[in-house]
file entry.cif (mmCIF, C-alpha atoms and all ligand atoms)
data_query
loop_
_atom_site.group_PDB
_atom_site.id
_atom_site.type_symbol
_atom_site.label_atom_id
_atom_site.label_comp_id
_atom_site.auth_asym_id
_atom_site.auth_seq_id
_atom_site.Cartn_x
_atom_site.Cartn_y
_atom_site.Cartn_z
ATOM 1 C CA MET D 122 -3.360 4.249 -21.900
ATOM 2 C CA PRO D 123 -1.552 7.054 -20.095
ATOM 3 C CA GLU D 124 2.141 6.623 -19.377
ATOM 4 C CA PRO D 125 2.415 4.651 -16.106
ATOM 5 C CA GLY D 126 3.324 6.997 -13.332
ATOM 6 C CA SER D 127 2.643 10.038 -15.495
ATOM 7 C CA GLY D 128 -0.118 11.160 -13.161
ATOM 8 C CA ALA D 129 -2.411 11.402 -16.175
ATOM 9 C CA SER D 130 -5.188 9.488 -14.433
ATOM 10 C CA ALA D 131 -4.663 11.134 -11.042
ATOM 11 C CA PRO D 132 -7.408 13.807 -11.166
ATOM 12 C CA THR D 133 -10.042 11.088 -11.044
ATOM 13 C CA ALA D 134 -8.745 9.554 -7.806
ATOM 14 C CA PRO D 135 -11.832 9.333 -5.576
ATOM 15 C CA GLY D 136 -12.026 9.126 -1.822
ATOM 16 C CA LEU D 137 -13.671 6.109 -0.320
ATOM 17 C CA THR D 138 -15.427 5.069 2.844
ATOM 18 C CA VAL D 139 -15.200 1.544 4.177
ATOM 19 C CA GLY D 140 -17.733 0.139 6.573
ATOM 20 C CA VAL D 141 -17.313 -3.223 8.275
ATOM 21 C CA ARG D 142 -20.208 -4.455 10.365
ATOM 22 C CA ARG D 143 -18.390 -7.443 11.841
ATOM 23 C CA LEU D 144 -15.372 -9.562 10.946
ATOM 24 C CA VAL D 145 -14.614 -12.621 13.057
ATOM 25 C CA TYR D 146 -11.639 -14.963 12.648
ATOM 26 C CA ASP D 147 -11.482 -18.105 14.792
ATOM 27 C CA GLY D 148 -13.830 -16.632 17.370
ATOM 28 C CA THR D 149 -11.917 -13.339 17.587
ATOM 29 C CA VAL D 150 -13.870 -10.241 16.620
ATOM 30 C CA LEU D 151 -11.393 -8.253 14.556
ATOM 31 C CA PHE D 152 -13.766 -5.459 13.505
ATOM 32 C CA GLU D 153 -17.222 -4.452 14.653
ATOM 33 C CA ASN D 154 -19.160 -1.464 13.320
ATOM 34 C CA MET D 155 -15.899 -0.025 12.057
ATOM 35 C CA ARG D 156 -15.655 2.846 9.611
ATOM 36 C CA PHE D 157 -12.533 3.969 7.816
ATOM 37 C CA ARG D 158 -12.065 6.753 5.340
ATOM 38 C CA LEU D 159 -9.490 7.222 2.587
ATOM 39 C CA GLU D 160 -9.555 10.828 1.366
ATOM 40 C CA GLY D 161 -9.369 11.241 -2.392
ATOM 41 C CA ALA D 162 -5.983 11.978 -3.944
ATOM 42 C CA LEU D 163 -4.201 11.735 -0.584
ATOM 43 C CA TRP D 164 -1.953 9.159 1.090
ATOM 44 C CA THR D 165 -3.475 7.542 4.178
ATOM 45 C CA CYS D 166 -1.040 5.556 6.311
ATOM 46 C CA LEU D 167 -2.177 2.792 8.621
ATOM 47 C CA LEU D 168 0.028 1.649 11.477
ATOM 48 C CA GLY D 169 -0.542 -0.678 14.391
ATOM 49 C CA PRO D 170 0.950 -3.635 16.223
ATOM 50 C CA SER D 171 1.384 -6.971 14.499
ATOM 51 C CA GLY D 172 -1.867 -8.913 14.387
ATOM 52 C CA VAL D 173 -4.206 -5.968 15.051
ATOM 53 C CA GLY D 174 -5.812 -6.275 11.604
ATOM 54 C CA LYS D 175 -4.066 -3.910 9.146
ATOM 55 C CA THR D 176 -3.717 -6.444 6.328
ATOM 56 C CA SER D 177 -7.232 -7.707 6.974
ATOM 57 C CA LEU D 178 -8.579 -4.178 6.533
ATOM 58 C CA LEU D 179 -6.572 -3.665 3.343
ATOM 59 C CA ARG D 180 -7.839 -6.968 1.966
ATOM 60 C CA LEU D 181 -11.421 -5.986 2.803
ATOM 61 C CA ILE D 182 -10.990 -2.727 0.892
ATOM 62 C CA ALA D 183 -9.417 -4.563 -2.045
ATOM 63 C CA GLY D 184 -12.355 -6.958 -2.140
ATOM 64 C CA LEU D 185 -10.084 -9.938 -1.437
ATOM 65 C CA ALA D 186 -12.105 -10.805 1.661
ATOM 66 C CA PRO D 187 -15.868 -10.433 1.982
ATOM 67 C CA GLY D 188 -17.606 -8.394 4.641
ATOM 68 C CA ALA D 189 -16.973 -4.718 3.884
ATOM 69 C CA LEU D 190 -19.080 -2.102 2.221
ATOM 70 C CA VAL D 191 -16.841 0.214 0.216
ATOM 71 C CA VAL D 192 -18.444 3.390 -1.114
ATOM 72 C CA THR D 193 -16.526 5.690 -3.437
ATOM 73 C CA ASP D 194 -17.106 9.446 -3.481
ATOM 74 C CA ASP D 195 -17.932 9.346 -7.188
ATOM 75 C CA GLY D 196 -20.406 6.495 -6.744
ATOM 76 C CA ARG D 197 -18.584 4.264 -9.220
ATOM 77 C CA GLY D 198 -17.410 0.750 -8.391
ATOM 78 C CA LEU D 199 -13.791 -0.115 -7.660
ATOM 79 C CA GLU D 200 -13.403 -2.567 -10.503
ATOM 80 C CA GLY D 201 -10.430 -1.712 -12.691
ATOM 81 C CA ARG D 202 -9.460 1.233 -10.476
ATOM 82 C CA VAL D 203 -7.366 -0.409 -7.759
ATOM 83 C CA ALA D 204 -3.720 -1.493 -7.772
ATOM 84 C CA LEU D 205 -2.673 -3.732 -4.909
ATOM 85 C CA MET D 206 0.809 -4.428 -3.641
ATOM 86 C CA ALA D 207 0.465 -7.282 -1.153
ATOM 87 C CA GLN D 208 2.920 -8.230 1.604
ATOM 88 C CA GLN D 209 4.056 -11.252 -0.431
ATOM 89 C CA ASP D 210 5.399 -10.060 -3.780
ATOM 90 C CA LEU D 211 3.223 -12.536 -5.747
ATOM 91 C CA LEU D 212 5.668 -12.592 -8.661
ATOM 92 C CA LEU D 213 5.042 -15.544 -10.966
ATOM 93 C CA PRO D 214 8.216 -17.649 -10.709
ATOM 94 C CA TRP D 215 8.178 -18.815 -14.321
ATOM 95 C CA LEU D 216 8.002 -15.316 -15.823
ATOM 96 C CA PRO D 217 10.971 -12.941 -16.203
ATOM 97 C CA VAL D 218 10.783 -9.790 -14.106
ATOM 98 C CA ILE D 219 9.681 -7.598 -17.021
ATOM 99 C CA GLU D 220 6.810 -9.917 -17.872
ATOM 100 C CA ASN D 221 5.779 -9.865 -14.218
ATOM 101 C CA VAL D 222 5.733 -6.072 -14.325
ATOM 102 C CA ILE D 223 3.290 -6.055 -17.267
ATOM 103 C CA LEU D 224 1.391 -9.094 -15.991
ATOM 104 C CA GLY D 225 -1.877 -7.242 -15.353
ATOM 105 C CA TYR D 226 -1.951 -5.991 -18.935
ATOM 106 C CA ARG D 227 -1.073 -9.469 -20.252
ATOM 107 C CA LEU D 228 -3.935 -11.002 -18.290
ATOM 108 C CA ARG D 229 -6.349 -8.387 -19.593
ATOM 109 C CA GLY D 230 -5.188 -9.043 -23.152
ATOM 110 C CA THR D 231 -2.948 -6.897 -25.351
ATOM 111 C CA THR D 232 -1.877 -6.794 -28.963
ATOM 112 C CA ARG D 233 1.720 -7.530 -29.901
ATOM 113 C CA ALA D 234 2.338 -3.821 -30.635
ATOM 114 C CA GLU D 235 0.883 -2.799 -27.251
ATOM 115 C CA ARG D 236 3.079 -5.327 -25.486
ATOM 116 C CA ARG D 237 6.163 -3.833 -27.104
ATOM 117 C CA ARG D 238 5.173 -0.374 -25.853
ATOM 118 C CA LEU D 239 4.314 -1.753 -22.405
ATOM 119 C CA ARG D 240 7.695 -3.455 -22.176
ATOM 120 C CA ASP D 241 9.413 -0.145 -23.001
ATOM 121 C CA GLN D 242 7.469 1.544 -20.198
ATOM 122 C CA ALA D 243 8.178 -1.360 -17.844
ATOM 123 C CA ARG D 244 11.895 -1.093 -18.626
ATOM 124 C CA GLU D 245 11.786 2.598 -17.682
ATOM 125 C CA LEU D 246 10.096 1.781 -14.386
ATOM 126 C CA LEU D 247 12.554 -1.042 -13.708
ATOM 127 C CA ALA D 248 15.387 1.430 -14.275
ATOM 128 C CA ARG D 249 13.781 3.807 -11.775
ATOM 129 C CA VAL D 250 13.622 1.078 -9.119
ATOM 130 C CA GLY D 251 17.208 0.055 -9.929
ATOM 131 C CA LEU D 252 16.437 -3.242 -11.661
ATOM 132 C CA GLU D 253 17.264 -2.387 -15.270
ATOM 133 C CA ARG D 254 19.891 -5.129 -15.437
ATOM 134 C CA HIS D 255 17.491 -7.729 -14.085
ATOM 135 C CA ALA D 256 14.549 -7.261 -16.465
ATOM 136 C CA GLU D 257 15.074 -10.679 -18.040
ATOM 137 C CA ALA D 258 15.912 -12.513 -14.781
ATOM 138 C CA LEU D 259 13.508 -14.911 -13.137
ATOM 139 C CA PRO D 260 12.220 -13.848 -9.691
ATOM 140 C CA ALA D 261 14.118 -16.718 -7.995
ATOM 141 C CA ALA D 262 17.389 -15.053 -9.023
ATOM 142 C CA LEU D 263 16.524 -11.863 -7.100
ATOM 143 C CA SER D 264 17.051 -10.986 -3.447
ATOM 144 C CA GLY D 265 14.025 -10.263 -1.242
ATOM 145 C CA GLY D 266 14.537 -6.520 -1.592
ATOM 146 C CA MET D 267 14.891 -6.786 -5.379
ATOM 147 C CA ARG D 268 11.687 -8.792 -5.594
ATOM 148 C CA GLN D 269 9.956 -6.122 -3.558
ATOM 149 C CA ARG D 270 11.220 -3.483 -6.011
ATOM 150 C CA ALA D 271 9.890 -5.553 -8.923
ATOM 151 C CA ALA D 272 6.511 -5.779 -7.177
ATOM 152 C CA LEU D 273 6.555 -1.995 -6.665
ATOM 153 C CA ALA D 274 7.317 -1.486 -10.373
ATOM 154 C CA ARG D 275 4.355 -3.715 -11.229
ATOM 155 C CA THR D 276 2.089 -1.698 -8.913
ATOM 156 C CA LEU D 277 3.241 1.587 -10.460
ATOM 157 C CA MET D 278 2.841 0.103 -13.950
ATOM 158 C CA GLU D 279 -0.821 -0.548 -13.233
ATOM 159 C CA ASP D 280 -1.367 3.220 -13.132
ATOM 160 C CA ARG D 281 -4.570 3.071 -11.076
ATOM 161 C CA PRO D 282 -6.231 5.972 -9.243
ATOM 162 C CA ILE D 283 -6.502 3.920 -6.028
ATOM 163 C CA VAL D 284 -3.407 2.164 -4.720
ATOM 164 C CA LEU D 285 -3.295 -0.168 -1.711
ATOM 165 C CA MET D 286 0.176 -1.107 -0.457
ATOM 166 C CA ASP D 287 1.038 -3.470 2.385
ATOM 167 C CA GLU D 288 4.543 -2.751 3.735
ATOM 168 C CA PRO D 289 5.958 -2.079 0.256
ATOM 169 C CA PHE D 290 9.375 -0.929 1.498
ATOM 170 C CA SER D 291 9.922 -3.306 4.404
ATOM 171 C CA ALA D 292 12.581 -5.540 2.775
ATOM 172 C CA LEU D 293 14.724 -2.664 1.498
ATOM 173 C CA ASP D 294 17.990 -1.337 2.896
ATOM 174 C CA ALA D 295 17.793 2.186 4.318
ATOM 175 C CA ILE D 296 19.197 4.022 1.284
ATOM 176 C CA THR D 297 17.072 2.133 -1.264
ATOM 177 C CA ARG D 298 14.025 2.592 0.949
ATOM 178 C CA HIS D 299 14.574 6.340 1.077
ATOM 179 C CA ARG D 300 14.994 6.505 -2.709
ATOM 180 C CA LEU D 301 11.940 4.399 -3.477
ATOM 181 C CA GLN D 302 9.776 6.256 -0.973
ATOM 182 C CA GLU D 303 10.627 9.399 -2.924
ATOM 183 C CA LEU D 304 9.893 7.692 -6.244
ATOM 184 C CA ALA D 305 6.542 6.359 -5.060
ATOM 185 C CA ALA D 306 5.582 9.726 -3.518
ATOM 186 C CA GLY D 307 6.263 11.381 -6.892
ATOM 187 C CA LEU D 308 4.626 8.799 -9.136
ATOM 188 C CA LEU D 309 1.604 8.300 -6.900
ATOM 189 C CA ALA D 310 0.956 11.973 -6.127
ATOM 190 C CA GLY D 311 -2.700 12.694 -6.727
ATOM 191 C CA ARG D 312 -3.740 9.068 -6.240
ATOM 192 C CA THR D 313 -5.807 7.780 -3.354
ATOM 193 C CA VAL D 314 -3.255 5.663 -1.515
ATOM 194 C CA LEU D 315 -3.465 3.386 1.510
ATOM 195 C CA LEU D 316 -0.027 2.549 2.867
ATOM 196 C CA VAL D 317 0.207 -0.076 5.610
ATOM 197 C CA THR D 318 3.513 0.244 7.413
ATOM 198 C CA HIS D 319 5.252 -0.614 10.666
ATOM 199 C CA ASN D 320 7.613 2.295 10.257
ATOM 200 C CA PRO D 321 6.421 5.534 11.935
ATOM 201 C CA LEU D 322 8.996 7.696 10.173
ATOM 202 C CA GLU D 323 8.008 6.261 6.801
ATOM 203 C CA ALA D 324 4.367 7.128 7.507
ATOM 204 C CA LEU D 325 5.391 10.628 8.584
ATOM 205 C CA ARG D 326 7.505 11.110 5.445
ATOM 206 C CA LEU D 327 4.815 9.957 3.039
ATOM 207 C CA GLY D 328 1.361 10.249 4.576
ATOM 208 C CA HIS D 329 -1.137 13.102 4.559
ATOM 209 C CA ARG D 330 -3.292 11.334 7.165
ATOM 210 C CA LEU D 331 -1.954 8.801 9.658
ATOM 211 C CA TYR D 332 -4.017 6.328 11.666
ATOM 212 C CA VAL D 333 -3.104 3.756 14.295
ATOM 213 C CA LEU D 334 -5.319 0.675 14.279
ATOM 214 C CA SER D 335 -6.061 -0.062 17.888
ATOM 215 C CA GLY D 336 -8.040 -2.325 20.208
ATOM 216 C CA ARG D 337 -9.975 -5.568 19.836
ATOM 217 C CA PRO D 338 -12.301 -5.116 17.977
ATOM 218 C CA ALA D 339 -10.001 -2.675 16.223
ATOM 219 C CA THR D 340 -10.744 0.903 15.290
ATOM 220 C CA PRO D 341 -8.510 3.405 13.498
ATOM 221 C CA ARG D 342 -7.333 6.164 15.840
ATOM 222 C CA GLY D 343 -6.417 9.479 14.311
ATOM 223 C CA PRO D 344 -5.800 11.107 12.019
ATOM 224 C CA LEU D 345 -2.414 12.595 12.726
ATOM 225 C CA LEU D 346 -1.787 15.271 10.104
ATOM 226 C CA PRO D 347 1.867 16.043 9.376
ATOM 227 C CA LYS D 348 2.379 19.464 7.788
ATOM 228 C CA GLY D 349 3.769 20.111 4.320
ATOM 229 C CA PRO D 350 3.804 18.083 1.136
ATOM 230 C CA PRO D 351 5.363 14.616 1.097
ATOM 231 C CA PRO D 352 7.975 13.296 0.777
ATOM 232 C CA ARG D 353 9.083 15.169 3.912
ATOM 233 C CA ASP D 354 12.579 15.506 5.270
ATOM 234 C CA PRO D 355 12.979 12.789 7.935
ATOM 235 C CA ALA D 356 15.372 15.040 9.853
ATOM 236 C CA ASP D 357 12.728 17.771 10.240
ATOM 237 C CA GLN D 358 12.273 18.592 13.948
ATOM 238 C CA ALA D 359 8.473 18.826 13.643
ATOM 239 C CA LEU D 360 8.426 15.360 12.122
ATOM 240 C CA LEU D 361 10.558 13.946 14.918
ATOM 241 C CA ALA D 362 8.165 15.376 17.507
ATOM 242 C CA LEU D 363 5.254 13.696 15.718
ATOM 243 C CA GLU D 364 7.247 10.469 15.616
ATOM 244 C CA ALA D 365 7.368 10.502 19.408
ATOM 245 C CA GLU D 366 3.596 11.046 19.530
ATOM 246 C CA LEU D 367 3.059 8.195 17.080
ATOM 247 C CA LEU D 368 5.297 5.873 19.076
ATOM 248 C CA ARG D 369 3.259 6.624 22.225
ATOM 249 C CA GLU D 370 0.041 5.772 20.348
ATOM 250 C CA LEU D 371 1.610 2.556 18.996
ATOM 251 C CA THR D 372 2.729 1.550 22.484
ATOM 252 C CA ARG D 373 -0.822 2.114 23.787
ATOM 253 C CA SER D 374 -2.207 0.078 20.899
ATOM 254 C CA ALA D 375 0.232 -2.797 21.512
ATOM 255 C CA ALA D 376 -0.707 -2.864 25.222
ATOM 256 C CA LEU D 377 -4.430 -2.966 24.368
ATOM 257 C CA LEU D 378 -3.863 -5.863 21.976
ATOM 258 C CA GLU D 379 -1.827 -7.756 24.561
ATOM 259 C CA GLU D 380 -4.574 -7.263 27.160
ATOM 260 C CA ALA D 381 -7.190 -8.565 24.732
ATOM 261 C CA SER D 382 -5.183 -11.632 23.680
HETATM 262 N N1 LIG C 401 -7.940 -15.543 6.613
HETATM 263 C C1 LIG C 401 -7.776 -15.596 7.932
HETATM 264 N N2 LIG C 401 -8.228 -16.641 8.662
HETATM 265 C C2 LIG C 401 -8.078 -16.683 10.001
HETATM 266 N N3 LIG C 401 -7.473 -15.723 10.713
HETATM 267 C C3 LIG C 401 -6.978 -14.668 10.044
HETATM 268 C C4 LIG C 401 -7.098 -14.545 8.620
HETATM 269 N N4 LIG C 401 -6.530 -13.376 8.236
HETATM 270 C C5 LIG C 401 -6.061 -12.807 9.360
HETATM 271 N N5 LIG C 401 -6.329 -13.575 10.439
HETATM 272 C C6 LIG C 401 -6.005 -13.250 11.831
HETATM 273 O O1 LIG C 401 -6.462 -11.922 12.061
HETATM 274 C C7 LIG C 401 -5.544 -11.205 12.888
HETATM 275 C C8 LIG C 401 -5.090 -9.947 12.156
HETATM 276 O O2 LIG C 401 -4.248 -10.328 11.071
HETATM 277 P P1 LIG C 401 -3.646 -9.244 10.072
HETATM 278 O O3 LIG C 401 -2.752 -9.960 9.129
HETATM 279 O O4 LIG C 401 -4.740 -8.441 9.513
HETATM 280 O O5 LIG C 401 -2.787 -8.339 11.079
HETATM 281 P P2 LIG C 401 -1.711 -7.203 10.770
HETATM 282 O O6 LIG C 401 -2.039 -6.068 11.663
HETATM 283 O O7 LIG C 401 -1.690 -6.923 9.310
HETATM 284 O O8 LIG C 401 -0.370 -7.923 11.217
HETATM 285 P P3 LIG C 401 1.139 -7.741 10.654
HETATM 286 O O9 LIG C 401 1.554 -6.378 11.023
HETATM 287 O O10 LIG C 401 1.902 -8.791 11.409
HETATM 288 O O11 LIG C 401 1.100 -7.980 9.164
HETATM 289 C C9 LIG C 401 -4.414 -12.175 13.203
HETATM 290 O O12 LIG C 401 -4.665 -12.750 14.452
HETATM 291 C C10 LIG C 401 -4.508 -13.211 12.102
HETATM 292 O O13 LIG C 401 -4.035 -14.456 12.543
#
call {"tool": "encode", "arguments": {"input": "entry.cif", "output": "structure tokens"}}
result
Amino acid sequence: MPEPGSGASAPTAPGLTVGVRRLVYDGTVLFENMRFRLEGALWTCLLGPSGVGKTSLLRLIAGLAPGALVVTDDGRGLEGRVALMAQQDLLLPWLPVIENVILGYRLRGTTRAERRRLRDQARELLARVGLERHAEALPAALSGGMRQRAALARTLMEDRPIVLMDEPFSALDAITRHRLQELAAGLLAGRTVLLVTHNPLEALRLGHRLYVLSGRPATPRGPLLPKGPPPRDPADQALLALEAELLRELTRSAALLEEAS
């Protein structure tokens, strides 16, 4: 197994195309004949007002909800190639943080020697997300932001070429958020990443391609293509101009959703 976050598996990160013919919840058509593309080895950010369908789309791609056709550029299936960081941290309450970080490996089965090596790697990742002193704590002893950092460490530990993240930085204070955005941008460079976020500046810092999910049924509008490699300087004037453009698009999208509701 390559070192988690080493980028060793990055060159194989494929692009993927998602097609949804129709998704209906409680009589509301969320998606109809919708197509969405994640370019290989790039970060795609998905924004949009609350309730428009961002998490639903992410869950469709992850295979957690039926109804989408996901085709990878290399023609191979997604099994074993996707790491998911859901909105809820999904930490198992009876396992210490470090065991939660290596949970995927534990579930897939490891030898005692492998576990020792995995724990060493997990400790390194926990140090990088600022949780080195909490490796043996139970999740209930952590704050919301700390739990989110543990969940991020677990996602990075999985070392998958495709990474789907639903608001991974939302519970963090501004300084920690900035630091972890930088960490994730570094460790997930070269992966195919979908980042769902409510934060336009976060999307502009981290994303290569930005979309706003809009309308009912919803379609992704975009892409907006910020220049330069991420993570970008949030004080950059060009970025601030794009932020204004993104805010206008989000306002339009919120109005459309309100009209449809
Ligand atoms: N499993 C489900 N059963 C019924 N309705 C659902 C289900 N999942 C989502 N919905 C509904 O679909 C709509 C879109 O939900 P979704 O969570 O995808 O939105 P979102 O854009 O991610 O919102 P937020 O930004 O608040 O997380 C909402 O009206 C939600 O209530």
call {"tool": "resolve_selection", "arguments": {"input": "entry.cif", "expression": "the PyMOL selection byres (((not hetatm)) within 9 of (chain C and resi 401))", "output": "PyMOL selection string"}}
result
chain D and resi 145-147+149-151+168-180+186+208+287-288+317-319+334
call {"tool": "write_last_selection", "arguments": {"input": "entry.cif", "atoms": "C-alpha atoms", "output": "tab-separated table (two decimals), in the frame of the given file"}}
result
chain	number	residue	atom	x	y	z
D	145	VAL	CA	-14.61	-12.62	13.06
D	146	TYR	CA	-11.64	-14.96	12.65
D	147	ASP	CA	-11.48	-18.10	14.79
D	149	THR	CA	-11.92	-13.34	17.59
D	150	VAL	CA	-13.87	-10.24	16.62
D	151	LEU	CA	-11.39	-8.25	14.56
D	168	LEU	CA	0.03	1.65	11.48
D	169	GLY	CA	-0.54	-0.68	14.39
D	170	PRO	CA	0.95	-3.64	16.22
D	171	SER	CA	1.38	-6.97	14.50
D	172	GLY	CA	-1.87	-8.91	14.39
D	173	VAL	CA	-4.21	-5.97	15.05
D	174	GLY	CA	-5.81	-6.28	11.60
D	175	LYS	CA	-4.07	-3.91	9.15
D	176	THR	CA	-3.72	-6.44	6.33
D	177	SER	CA	-7.23	-7.71	6.97
D	178	LEU	CA	-8.58	-4.18	6.53
D	179	LEU	CA	-6.57	-3.66	3.34
D	180	ARG	CA	-7.84	-6.97	1.97
D	186	ALA	CA	-12.10	-10.80	1.66
D	208	GLN	CA	2.92	-8.23	1.60
D	287	ASP	CA	1.04	-3.47	2.38
D	288	GLU	CA	4.54	-2.75	3.74
D	317	VAL	CA	0.21	-0.08	5.61
D	318	THR	CA	3.51	0.24	7.41
D	319	HIS	CA	5.25	-0.61	10.67
D	334	LEU	CA	-5.32	0.68	14.28
call {"tool": "atom_distance", "arguments": {"input": "entry.cif", "atom1": "atom CA of Thr340 of chain D", "atom2": "atom CA of Met155 of chain D"}}
result
6.2 Å
call {"tool": "resolve_selection", "arguments": {"input": "entry.cif", "expression": "the PyMOL selection byres (((chain D and resi 259) around 10) and not hetatm)", "output": "short mmCIF file (atom, residue, chain, number, x, y, z; two decimals) with C-alpha atoms, keeping the file's coordinate frame"}}
result
data_model
loop_
_atom_site.label_atom_id
_atom_site.label_comp_id
_atom_site.auth_asym_id
_atom_site.auth_seq_id
_atom_site.Cartn_x
_atom_site.Cartn_y
_atom_site.Cartn_z
CA LEU D 212 5.67 -12.59 -8.66
CA LEU D 213 5.04 -15.54 -10.97
CA PRO D 214 8.22 -17.65 -10.71
CA TRP D 215 8.18 -18.82 -14.32
CA LEU D 216 8.00 -15.32 -15.82
CA PRO D 217 10.97 -12.94 -16.20
CA VAL D 218 10.78 -9.79 -14.11
CA ILE D 219 9.68 -7.60 -17.02
CA GLU D 220 6.81 -9.92 -17.87
CA ASN D 221 5.78 -9.86 -14.22
CA HIS D 255 17.49 -7.73 -14.08
CA ALA D 256 14.55 -7.26 -16.46
CA GLU D 257 15.07 -10.68 -18.04
CA ALA D 258 15.91 -12.51 -14.78
CA PRO D 260 12.22 -13.85 -9.69
CA ALA D 261 14.12 -16.72 -8.00
CA ALA D 262 17.39 -15.05 -9.02
CA LEU D 263 16.52 -11.86 -7.10
CA ARG D 268 11.69 -8.79 -5.59
#
call {"tool": "resolve_selection", "arguments": {"input": "entry.cif", "expression": "the PyMOL selection byres (((chain D and resi 371) around 8) and not hetatm)", "output": "list in words"}}
result
Leu168, Gly169, Pro170, Val333, Leu367, Leu368, Arg369, Glu370, Thr372, Arg373, Ser374 and Ala375 of chain D
call {"tool": "residues_around", "arguments": {"input": "entry.cif", "residues": "Arg236 of chain D", "least_positions_apart": "2", "cutoff": "12 Å", "atoms": "all atoms listed in the file", "output": "list in words"}}
result
Ile219, Glu220, Val222, Ile223, Leu224, Gly225, Tyr226, Arg227, Leu228, Arg229, Gly230, Thr231, Thr232, Arg233, Ala234, Arg238, Leu239, Arg240, Asp241, Gln242, Ala243 and Arg244 of chain D
call {"tool": "write_last_selection", "arguments": {"input": "entry.cif", "atoms": "C-alpha atoms", "output": "PDB file, in the coordinates of the input"}}
result
ATOM      1  CA  ILE D 219       9.681  -7.598 -17.021  1.00  0.00           C
ATOM      2  CA  GLU D 220       6.810  -9.917 -17.872  1.00  0.00           C
ATOM      3  CA  VAL D 222       5.733  -6.072 -14.325  1.00  0.00           C
ATOM      4  CA  ILE D 223       3.290  -6.055 -17.267  1.00  0.00           C
ATOM      5  CA  LEU D 224       1.391  -9.094 -15.991  1.00  0.00           C
ATOM      6  CA  GLY D 225      -1.877  -7.242 -15.353  1.00  0.00           C
ATOM      7  CA  TYR D 226      -1.951  -5.991 -18.935  1.00  0.00           C
ATOM      8  CA  ARG D 227      -1.073  -9.469 -20.252  1.00  0.00           C
ATOM      9  CA  LEU D 228      -3.935 -11.002 -18.290  1.00  0.00           C
ATOM     10  CA  ARG D 229      -6.349  -8.387 -19.593  1.00  0.00           C
ATOM     11  CA  GLY D 230      -5.188  -9.043 -23.152  1.00  0.00           C
ATOM     12  CA  THR D 231      -2.948  -6.897 -25.351  1.00  0.00           C
ATOM     13  CA  THR D 232      -1.877  -6.794 -28.963  1.00  0.00           C
ATOM     14  CA  ARG D 233       1.720  -7.530 -29.901  1.00  0.00           C
ATOM     15  CA  ALA D 234       2.338  -3.821 -30.635  1.00  0.00           C
ATOM     16  CA  ARG D 238       5.173  -0.374 -25.853  1.00  0.00           C
ATOM     17  CA  LEU D 239       4.314  -1.753 -22.405  1.00  0.00           C
ATOM     18  CA  ARG D 240       7.695  -3.455 -22.176  1.00  0.00           C
ATOM     19  CA  ASP D 241       9.413  -0.145 -23.001  1.00  0.00           C
ATOM     20  CA  GLN D 242       7.469   1.544 -20.198  1.00  0.00           C
ATOM     21  CA  ALA D 243       8.178  -1.360 -17.844  1.00  0.00           C
ATOM     22  CA  ARG D 244      11.895  -1.093 -18.626  1.00  0.00           C
TER      23      ARG D 244
END
call {"tool": "closest_residue", "arguments": {"input": "entry.cif", "among": "D:Leu327, D:Ile296, D:Leu211, D:Leu322", "to": "Leu309 of chain D", "atoms": "only C-alpha atoms"}}
result
D:Leu327
call {"tool": "atom_distance", "arguments": {"input": "entry.cif", "atom1": "atom CA of Arg312 of chain D", "atom2": "atom CA of Leu190 of chain D"}}
result
20.8 Å
call {"tool": "closest_residue", "arguments": {"input": "entry.cif", "among": "D:Arg270, D:Arg143, D:Arg337, D:Arg156", "to": "Arg249 of chain D", "atoms": "all atoms listed in the file"}}
result
D:Arg270
call {"tool": "axis_aligned_box", "arguments": {"input": "entry.cif", "around": "segment 243-261 of chain D", "padding_each_side": "8 Å", "output": "AutoDock Vina command-line options"}}
result
--center_x 14.0 --center_y -6.5 --center_z -13.3 --size_x 27.7 --size_y 36.5 --size_z 26.6
